[in-house]
>>> print(open('entry10.txt').read())   # compact mmCIF, C-alpha atoms
# COMPACT_ATOMS: atom_id res chain seq x y z
CA MET A 27 4.06 15.92 30.29
CA PRO A 28 7.25 13.77 30.19
CA GLU A 29 9.86 14.84 27.67
CA THR A 30 9.27 11.70 25.61
CA MET A 31 5.60 12.55 25.02
CA ARG A 32 5.02 13.94 21.54
CA HIS A 33 1.95 14.69 19.44
CA ILE A 34 1.82 13.55 15.81
CA LEU A 35 -0.72 14.46 13.14
CA ALA A 36 -0.99 11.70 10.52
CA ALA A 37 -3.08 11.43 7.39
CA ASP A 38 -3.67 8.82 4.71
CA ILE A 39 -4.86 10.95 1.80
CA GLY A 40 -6.53 9.13 -1.06
CA GLY A 41 -8.20 10.15 -4.27
CA THR A 42 -11.60 9.22 -2.81
CA SER A 43 -11.31 9.67 0.97
CA SER A 44 -8.77 10.89 3.51
CA ARG A 45 -8.22 9.64 7.04
CA PHE A 46 -6.69 11.91 9.66
CA GLY A 47 -5.43 10.75 13.03
CA ALA A 48 -3.93 12.34 16.14
CA PHE A 49 -1.28 10.11 17.70
CA LEU A 50 0.40 10.39 21.09
CA ALA A 51 3.97 9.11 21.10
CA ASP A 52 5.33 7.93 24.45
CA GLY A 53 8.88 7.11 23.51
CA LYS A 54 8.52 4.54 20.71
CA THR A 55 4.92 3.68 21.59
CA LEU A 56 2.14 5.16 19.46
CA THR A 57 -1.44 5.60 20.66
CA LEU A 58 -4.21 6.72 18.31
CA GLU A 59 -6.17 9.37 20.21
CA ALA A 60 -8.57 10.73 17.59
CA ILE A 61 -9.56 9.99 14.00
CA HIS A 62 -11.69 11.57 11.29
CA THR A 63 -12.45 10.54 7.71
CA LEU A 64 -13.78 12.83 4.98
CA PRO A 65 -14.15 12.86 1.17
CA THR A 66 -11.03 14.26 -0.45
CA ALA A 67 -12.72 15.71 -3.54
CA LYS A 68 -15.02 17.95 -1.49
CA ALA A 69 -12.02 20.04 -0.43
CA THR A 70 -10.84 22.88 -2.66
CA SER A 71 -7.19 22.60 -1.60
CA PHE A 72 -4.92 20.76 0.81
CA ALA A 73 -5.33 23.56 3.36
CA ASP A 74 -9.11 23.29 3.05
CA LEU A 75 -8.93 19.52 3.54
CA VAL A 76 -7.00 19.91 6.80
CA SER A 77 -9.29 22.73 7.91
CA GLN A 78 -12.35 20.53 7.42
CA ALA A 79 -10.74 17.73 9.43
CA VAL A 80 -9.79 20.05 12.31
CA THR A 81 -13.25 21.64 12.36
CA ALA A 82 -14.81 18.19 12.74
CA GLN A 83 -12.18 16.96 15.21
CA PRO A 84 -10.27 19.72 17.10
CA ALA A 85 -7.76 17.17 18.45
CA LEU A 86 -6.26 17.18 14.93
CA ASP A 87 -5.16 20.83 15.19
CA PRO A 88 -1.64 21.12 13.68
CA ALA A 89 -0.79 23.83 16.23
CA ARG A 90 -0.55 21.19 18.98
CA MET A 91 1.62 18.80 16.95
CA ASP A 92 5.35 18.08 17.13
CA ALA A 93 5.29 16.28 13.77
CA ALA A 94 2.92 15.88 10.84
CA ALA A 95 3.11 13.04 8.31
CA PHE A 96 0.93 12.85 5.21
CA ALA A 97 0.75 9.76 2.98
CA VAL A 98 -0.27 10.53 -0.60
CA PRO A 99 -0.99 8.27 -3.63
CA GLY A 100 1.81 9.46 -5.88
CA ALA A 101 5.56 9.56 -6.27
CA VAL A 102 7.10 11.91 -3.70
CA ARG A 103 10.22 13.66 -5.02
CA GLY A 104 11.48 16.14 -2.49
CA HIS A 105 9.53 19.39 -2.74
CA HIS A 106 7.95 18.64 -6.14
CA PRO A 107 4.12 18.95 -6.22
CA VAL A 108 2.15 15.68 -6.05
CA LEU A 109 -0.94 15.19 -8.23
CA LEU A 110 -3.66 13.12 -6.55
CA PRO A 111 -5.98 10.86 -8.59
CA ASN A 112 -9.56 12.16 -8.95
CA VAL A 113 -8.65 15.49 -7.29
CA SER A 114 -8.32 18.84 -9.06
CA TRP A 115 -5.63 20.32 -6.79
CA LEU A 116 -1.98 19.46 -6.10
CA VAL A 117 -0.24 18.72 -2.82
CA ARG A 118 2.42 21.43 -2.70
CA TRP A 119 5.21 21.27 -0.13
CA GLU A 120 5.08 25.00 0.64
CA GLU A 121 1.34 24.90 1.29
CA VAL A 122 1.62 21.81 3.48
CA GLN A 123 4.44 23.41 5.48
CA ALA A 124 2.35 26.54 5.98
CA VAL A 125 -0.52 24.42 7.28
CA VAL A 126 1.52 22.45 9.83
CA GLY A 127 3.57 25.43 11.02
CA ALA A 128 6.35 24.50 13.41
CA ALA A 129 5.65 20.77 13.31
CA ARG A 130 8.27 18.48 11.74
CA LEU A 131 6.87 17.66 8.29
CA VAL A 132 6.96 14.34 6.44
CA LEU A 133 5.40 13.82 3.01
CA LEU A 134 5.52 10.21 1.86
CA ASN A 135 4.03 7.87 -0.73
CA ASP A 136 1.00 5.88 0.41
CA PHE A 137 2.85 2.58 0.01
CA ALA A 138 5.79 3.92 1.99
CA ALA A 139 3.21 4.36 4.74
CA GLN A 140 2.12 0.75 4.24
CA ALA A 141 5.74 -0.30 4.74
CA HIS A 142 6.01 1.79 7.91
CA ALA A 143 2.83 0.06 9.13
CA VAL A 144 4.64 -3.30 9.20
CA VAL A 145 6.21 -2.35 12.56
CA THR A 146 2.99 -0.97 14.10
CA PRO A 147 0.16 -2.71 16.01
CA VAL A 148 -1.98 -3.06 12.88
CA MET A 149 0.06 -6.13 11.90
CA GLN A 150 -0.98 -8.06 15.02
CA ASP A 151 -4.10 -9.32 13.26
CA ALA A 152 -2.46 -9.99 9.89
CA GLU A 153 -3.34 -13.37 8.36
CA LEU A 154 -0.49 -15.80 7.71
CA LEU A 155 -0.84 -16.96 4.10
CA LYS A 156 2.44 -18.85 3.89
CA SER A 157 4.79 -19.88 6.67
CA GLY A 158 8.55 -19.47 6.42
CA GLU A 159 11.78 -18.69 8.22
CA PRO A 160 12.24 -14.91 8.12
CA TYR A 161 15.65 -13.31 8.52
CA ALA A 162 15.48 -10.58 11.18
CA LEU A 163 17.60 -8.14 9.16
CA GLY A 164 16.04 -9.04 5.81
CA ALA A 165 13.95 -6.66 3.77
CA VAL A 166 10.16 -6.91 4.01
CA ALA A 167 8.40 -6.49 0.67
CA VAL A 168 4.97 -4.83 0.82
CA THR A 169 2.79 -5.39 -2.24
CA GLY A 170 -0.82 -4.47 -2.76
CA ALA A 171 -3.33 -4.61 -5.58
CA GLY A 172 -6.05 -1.99 -5.53
CA THR A 173 -6.71 0.69 -8.12
CA GLY A 174 -3.15 -0.09 -9.21
CA LEU A 175 -0.28 -2.25 -7.95
CA GLY A 176 1.69 -0.66 -5.13
CA ASN A 177 5.07 -1.69 -3.75
CA CYS A 178 7.52 -0.59 -1.08
CA ALA A 179 10.25 -2.25 0.98
CA LEU A 180 11.00 -1.96 4.69
CA LEU A 181 14.69 -2.38 5.55
CA PRO A 182 15.62 -3.14 9.18
CA LEU A 183 18.82 -1.41 10.33
CA GLU A 184 21.54 -3.25 12.24
CA GLY A 185 21.63 -0.56 14.93
CA GLY A 186 17.87 -0.73 15.41
CA GLY A 187 14.95 0.91 13.67
CA SER A 188 14.22 0.71 9.96
CA THR A 189 13.99 2.69 6.75
CA VAL A 190 11.71 2.41 3.73
CA VAL A 191 12.56 2.28 0.04
CA PRO A 192 9.65 3.42 -2.18
CA ALA A 193 9.05 1.79 -5.55
CA GLU A 194 6.95 2.27 -8.65
CA PHE A 195 7.31 -1.40 -9.61
CA GLY A 196 3.66 -1.59 -10.64
CA HIS A 197 4.62 0.40 -13.75
CA ALA A 198 7.14 -2.22 -14.90
CA PRO A 199 6.10 -4.62 -17.70
CA TYR A 200 4.15 -7.60 -16.41
CA PRO A 201 5.74 -11.01 -17.28
CA PHE A 202 3.31 -13.40 -18.95
CA VAL A 203 4.15 -17.08 -19.44
CA GLY A 204 2.80 -19.62 -21.93
CA LYS A 205 0.41 -19.61 -24.87
CA GLU A 206 -2.81 -19.00 -22.91
CA GLU A 207 -1.30 -16.11 -21.00
CA PHE A 208 0.11 -14.63 -24.19
CA GLU A 209 -3.43 -14.64 -25.60
CA TYR A 210 -4.58 -12.81 -22.48
CA GLN A 211 -1.69 -10.38 -22.85
CA GLN A 212 -2.89 -9.53 -26.35
CA PHE A 213 -6.44 -9.14 -25.02
CA VAL A 214 -5.24 -6.62 -22.40
CA MET A 215 -3.21 -4.72 -24.99
CA ASP A 216 -6.19 -4.50 -27.33
CA ARG A 217 -8.65 -3.51 -24.61
CA LEU A 218 -6.41 -0.82 -23.12
CA GLY A 219 -4.69 0.33 -26.31
CA VAL A 220 -1.18 -0.14 -24.88
CA HIS A 221 2.02 -1.51 -26.41
CA TYR A 222 2.63 -3.74 -23.39
CA PRO A 223 0.76 -4.40 -20.12
CA ILE A 224 2.27 -3.25 -16.82
CA GLY A 225 1.58 -4.58 -13.34
CA ASP A 226 -1.10 -1.93 -12.77
CA HIS A 227 -3.04 -3.30 -15.75
CA VAL A 228 -2.93 -6.92 -14.62
CA VAL A 229 -2.77 -7.16 -10.82
CA SER A 230 -5.39 -4.62 -9.77
CA GLY A 231 -9.14 -4.27 -9.49
CA GLY A 232 -9.30 -3.28 -13.14
CA GLY A 233 -7.06 -6.21 -14.06
CA LEU A 234 -9.36 -8.61 -12.23
CA ALA A 235 -12.31 -7.27 -14.22
CA LEU A 236 -10.39 -7.68 -17.50
CA LEU A 237 -9.44 -11.25 -16.59
CA HIS A 238 -13.06 -12.06 -15.76
CA GLU A 239 -14.15 -10.76 -19.15
CA PHE A 240 -11.39 -12.70 -20.95
CA LEU A 241 -12.22 -16.03 -19.29
CA THR A 242 -16.02 -15.77 -19.06
CA GLY A 243 -16.97 -13.36 -21.84
CA GLN A 244 -18.86 -11.28 -19.28
CA ALA A 245 -17.84 -7.66 -18.78
CA VAL A 246 -18.35 -6.34 -15.23
CA SER A 247 -16.91 -3.35 -13.37
CA PRO A 248 -14.01 -3.67 -10.88
CA ALA A 249 -16.46 -2.94 -8.06
CA GLU A 250 -18.84 -5.68 -9.21
CA VAL A 251 -16.40 -8.47 -10.01
CA PRO A 252 -15.89 -9.81 -6.44
CA GLY A 253 -19.56 -10.84 -6.42
CA TYR A 254 -19.04 -12.93 -9.56
CA LEU A 255 -15.99 -14.84 -8.31
CA PRO A 256 -17.85 -17.70 -6.54
CA ALA A 257 -19.23 -18.74 -9.93
CA ALA A 258 -15.89 -18.26 -11.71
CA PRO A 259 -13.27 -20.60 -10.17
CA GLU A 260 -11.03 -20.33 -13.24
CA VAL A 261 -10.80 -16.57 -12.74
CA VAL A 262 -9.79 -17.09 -9.11
CA THR A 263 -7.11 -19.60 -10.06
CA TRP A 264 -5.68 -17.40 -12.82
CA PHE A 265 -5.65 -14.24 -10.76
CA ALA A 266 -4.10 -16.04 -7.77
CA ARG A 267 -1.29 -17.20 -10.05
CA LEU A 268 -0.79 -13.74 -11.57
CA TYR A 269 -0.79 -12.10 -8.13
CA GLY A 270 1.65 -14.67 -6.73
CA ARG A 271 3.98 -13.95 -9.64
CA ALA A 272 3.84 -10.20 -9.00
CA CYS A 273 4.73 -10.77 -5.35
CA ARG A 274 7.58 -13.09 -6.36
CA GLN A 275 9.01 -10.55 -8.79
CA TYR A 276 9.13 -7.81 -6.18
CA ALA A 277 10.36 -10.15 -3.43
CA LEU A 278 13.30 -11.14 -5.64
CA ALA A 279 13.96 -7.51 -6.57
CA VAL A 280 14.52 -6.53 -2.92
CA VAL A 281 15.62 -9.98 -1.58
CA ALA A 282 12.69 -10.01 0.85
CA ALA A 283 14.21 -12.44 3.33
CA GLY A 284 12.25 -10.72 6.09
CA GLY A 285 8.91 -11.59 4.54
CA VAL A 286 6.20 -10.33 2.22
CA VAL A 287 3.11 -8.39 3.29
CA VAL A 288 0.12 -8.37 0.94
CA THR A 289 -2.20 -5.42 1.40
CA GLY A 290 -4.62 -3.41 -0.75
CA GLY A 291 -8.30 -3.52 -1.55
CA VAL A 292 -8.30 -6.56 -3.86
CA ALA A 293 -7.02 -8.99 -1.20
CA ALA A 294 -9.12 -7.28 1.47
CA ARG A 295 -12.39 -7.71 -0.46
CA SER A 296 -11.58 -11.08 -2.06
CA PRO A 297 -9.14 -12.95 0.23
CA GLU A 298 -9.69 -16.17 -1.72
CA LEU A 299 -7.46 -14.70 -4.43
CA VAL A 300 -4.40 -14.91 -2.16
CA ARG A 301 -5.49 -17.90 -0.09
CA HIS A 302 -5.74 -20.07 -3.22
CA ALA A 303 -2.99 -22.68 -3.60
CA ALA A 304 -2.00 -21.20 -6.97
CA PHE A 305 -0.84 -18.00 -5.25
CA GLY A 306 1.76 -19.70 -3.05
CA GLU A 307 2.77 -22.18 -5.74
CA GLU A 308 3.49 -19.41 -8.23
CA PHE A 309 5.32 -17.34 -5.61
CA CYS A 310 7.84 -20.17 -5.16
CA ASN A 311 8.01 -21.07 -8.85
CA CYS A 312 11.58 -20.06 -9.68
CA PRO A 313 14.22 -22.38 -11.16
CA THR A 314 17.11 -20.67 -9.36
CA GLN A 315 15.80 -19.13 -6.11
CA ARG A 316 13.17 -21.57 -4.85
CA PRO A 317 14.93 -22.16 -1.48
CA LEU A 318 14.94 -18.43 -0.78
CA LEU A 319 11.28 -18.05 -1.79
CA GLU A 320 10.16 -21.08 0.22
CA ALA A 321 11.73 -19.53 3.34
CA ILE A 322 9.85 -16.23 2.93
CA PRO A 323 6.65 -15.94 5.00
CA ILE A 324 3.69 -14.08 3.50
CA ARG A 325 1.07 -12.22 5.54
CA ARG A 326 -2.14 -10.46 4.49
CA ASN A 327 -2.76 -7.09 6.12
CA SER A 328 -6.38 -6.04 5.66
CA ASN A 329 -6.52 -3.37 8.39
CA GLU A 330 -8.16 -0.30 6.83
CA LEU A 331 -6.22 2.01 9.17
CA SER A 332 -2.87 0.60 8.07
CA GLY A 333 -1.88 3.66 6.01
CA LEU A 334 -2.80 6.00 8.87
CA TRP A 335 -0.71 4.06 11.38
CA GLY A 336 2.15 3.92 8.88
CA ALA A 337 2.05 7.69 8.50
CA GLY A 338 2.04 7.99 12.28
CA HIS A 339 5.16 5.83 12.46
CA ALA A 340 6.81 7.99 9.79
CA GLY A 341 6.14 10.98 12.02
CA LEU A 342 7.66 9.10 14.94
CA ALA A 343 10.77 8.41 12.83
CA ALA A 344 11.01 12.10 11.89
CA LEU A 345 11.23 12.92 15.59
CA GLY A 346 14.06 10.41 16.02
CA LEU A 347 11.96 8.12 18.21
CA ALA A 348 11.36 5.13 15.90
>>> encode(input="entry10.txt", output="structure tokens")
Amino acid sequence: MPETMRHILAADIGGTSSRFGAFLADGKTLTLEAIHTLPTAKATSFADLVSQAVTAQPALDPARMDAAAFAVPGAVRGHHPVLLPNVSWLVRWEEVQAVVGAARLVLLNDFAAQAHAVVTPVMQDAELLKSGEPYALGAVAVTGAGTGLGNCALLPLEGGGSTVVPAEFGHAPYPFVGKEEFEYQQFVMDRLGVHYPIGDHVVSGGGLALLHEFLTGQAVSPAEVPGYLPAAPEVVTWFARLYGRACRQYALAVVAAGGVVVTGGVAARSPELVRHAAFGEEFCNCPTQRPLLEAIPIRRNSNELSGLWGAGHAGLAALGLA
């Protein structure tokens, strides 16, 4: 095998399911060789989760890997344990290192993986929501509404390659505007029993369900609400505006001159929420930075393997090949 050939184990570990993939790296080129998906909660520990994946797909064996990269839905702070949603066990650095053995280890936030995915083949089929004039060395803001509101930025480097800057911007207060929105803000506060709504409360599957209840008087679950949207155009318009504002806020925070990528389950299941004119109009609605915002292109990435490819690219970067 040529010296540039490397094997990378990647995983996108979620509170509900986990995807594992074996990548072959030929220089900077990644090829997905094998994949396996399994329910996260059925494992009793991280080691058990990996063991189940390897038993089902031997190509995922960590012993044959040069690097291993695991994307997890939580803040990654060095070697601190990471608590996964809906799972009774923690992801502990020492345990993960023991599982992967000699392989170079990367533990990263799931939205950091989404940012890494921007420079992988999964973006080839991304839908252009808004055209623009991207700056090659500008930051790319990745924003996605799902269970919560995730964010991360990809920063191209002048010498080549890129780095990612994780964020927990979905936990910042959400900015409401105008009397009607202030009434909705109070509704969210009352429903959730919070002193102020954050992005996670508003631009998420749960937020979409709350908005549907506020505007129609009909309470439905986050899983059910997409089916009610065709009969609720006002909900679509409102949520498109609220989502566009969330993207604008984060784009301004990182000066996303390289573009914005919208990902996550909400836009994947209900693309009309980001295709609506109110989304783009609100994104550009800034009295001081409209020229910057108008120049920023926006793409929708709905590839379900995006996090897995992003983790694979993180592994590639750990080997000094990205």
>>> residues_near_point(input="entry10.txt", point="(-11.4, 15.8, -4.7)", cutoff="7 Å", atoms="all atoms listed in the file", output="PDB file with C-alpha atoms, keeping the file's coordinate frame")
ATOM      1  CA  GLY A  41      -8.200  10.150  -4.270  1.00  0.00           C
ATOM      2  CA  THR A  42     -11.600   9.220  -2.810  1.00  0.00           C
ATOM      3  CA  THR A  66     -11.030  14.260  -0.450  1.00  0.00           C
ATOM      4  CA  ALA A  67     -12.720  15.710  -3.540  1.00  0.00           C
ATOM      5  CA  LYS A  68     -15.020  17.950  -1.490  1.00  0.00           C
ATOM      6  CA  ALA A  69     -12.020  20.040  -0.430  1.00  0.00           C
ATOM      7  CA  ASN A 112      -9.560  12.160  -8.950  1.00  0.00           C
ATOM      8  CA  VAL A 113      -8.650  15.490  -7.290  1.00  0.00           C
ATOM      9  CA  SER A 114      -8.320  18.840  -9.060  1.00  0.00           C
TER      10      SER A 114
END
>>> atom_distance(input="entry10.txt", atom1="CA of Ala293 (chain A)", atom2="CA of Glu250 (chain A)")
14.7 Å
>>> residues_around(input="entry10.txt", residues="Asp136 (chain A)", least_positions_apart="4", cutoff="8 Å", atoms="all atoms listed in the file", output="number ranges by chain")
A: 38-39, 97-100, 140, 333
>>> atom_distance(input="entry10.txt", atom1="CA of Ala89 (chain A)", atom2="CA of Ala101 (chain A)")
27.4 Å
>>> closest_residue(input="entry10.txt", among="A:Leu35, A:Ala141, A:Thr81, A:Ser43", to="Pro65 (chain A)", atoms="all atoms listed in the file")
A:Ser43
>>> closest_residue(input="entry10.txt", among="A:Ser230, A:Gln123, A:Gln315, A:Thr242", to="Ala282 (chain A)", atoms="all atoms listed in the file")
A:Gln315
>>> residues_around(input="entry10.txt", residues="Met215 (chain A)", least_positions_apart="2", cutoff="12 Å", atoms="only C-alpha atoms", output="list of chain:residue names")
A:Pro199, A:Tyr200, A:Phe208, A:Glu209, A:Tyr210, A:Gln211, A:Gln212, A:Phe213, A:Arg217, A:Leu218, A:Gly219, A:Val220, A:His221, A:Tyr222, A:Pro223, A:Ile224, A:His227, A:Val228, A:Gly233, A:Leu236
>>> residues_around(input="entry10.txt", residues="region 181-188 of chain A", least_positions_apart="6", cutoff="7 Å", atoms="only C-alpha atoms", output="VMD selection string")
chain A and resid 163 to 166 348
>>> atom_distance(input="entry10.txt", atom1="CA of Ile324 (chain A)", atom2="CA of Leu154 (chain A)")
6.2 Å
>>> closest_residue(input="entry10.txt", among="A:Thr63, A:Thr55, A:Gln150, A:Thr289", to="Ala167 (chain A)", atoms="only C-alpha atoms")
A:Thr289
>>> residues_around(input="entry10.txt", residues="Arg274 (chain A)", least_positions_apart="3", cutoff="12 Å", atoms="all atoms listed in the file", output="PyMOL selection string")
chain A and resi 167-169+177+200-201+267-271+277-283+285-288+305-312+315-316+318-320+322-324
>>> closest_residue(input="entry10.txt", among="A:Val246, A:Ala93, A:Val203, A:Leu334", to="Phe46 (chain A)", atoms="all atoms listed in the file")
A:Leu334
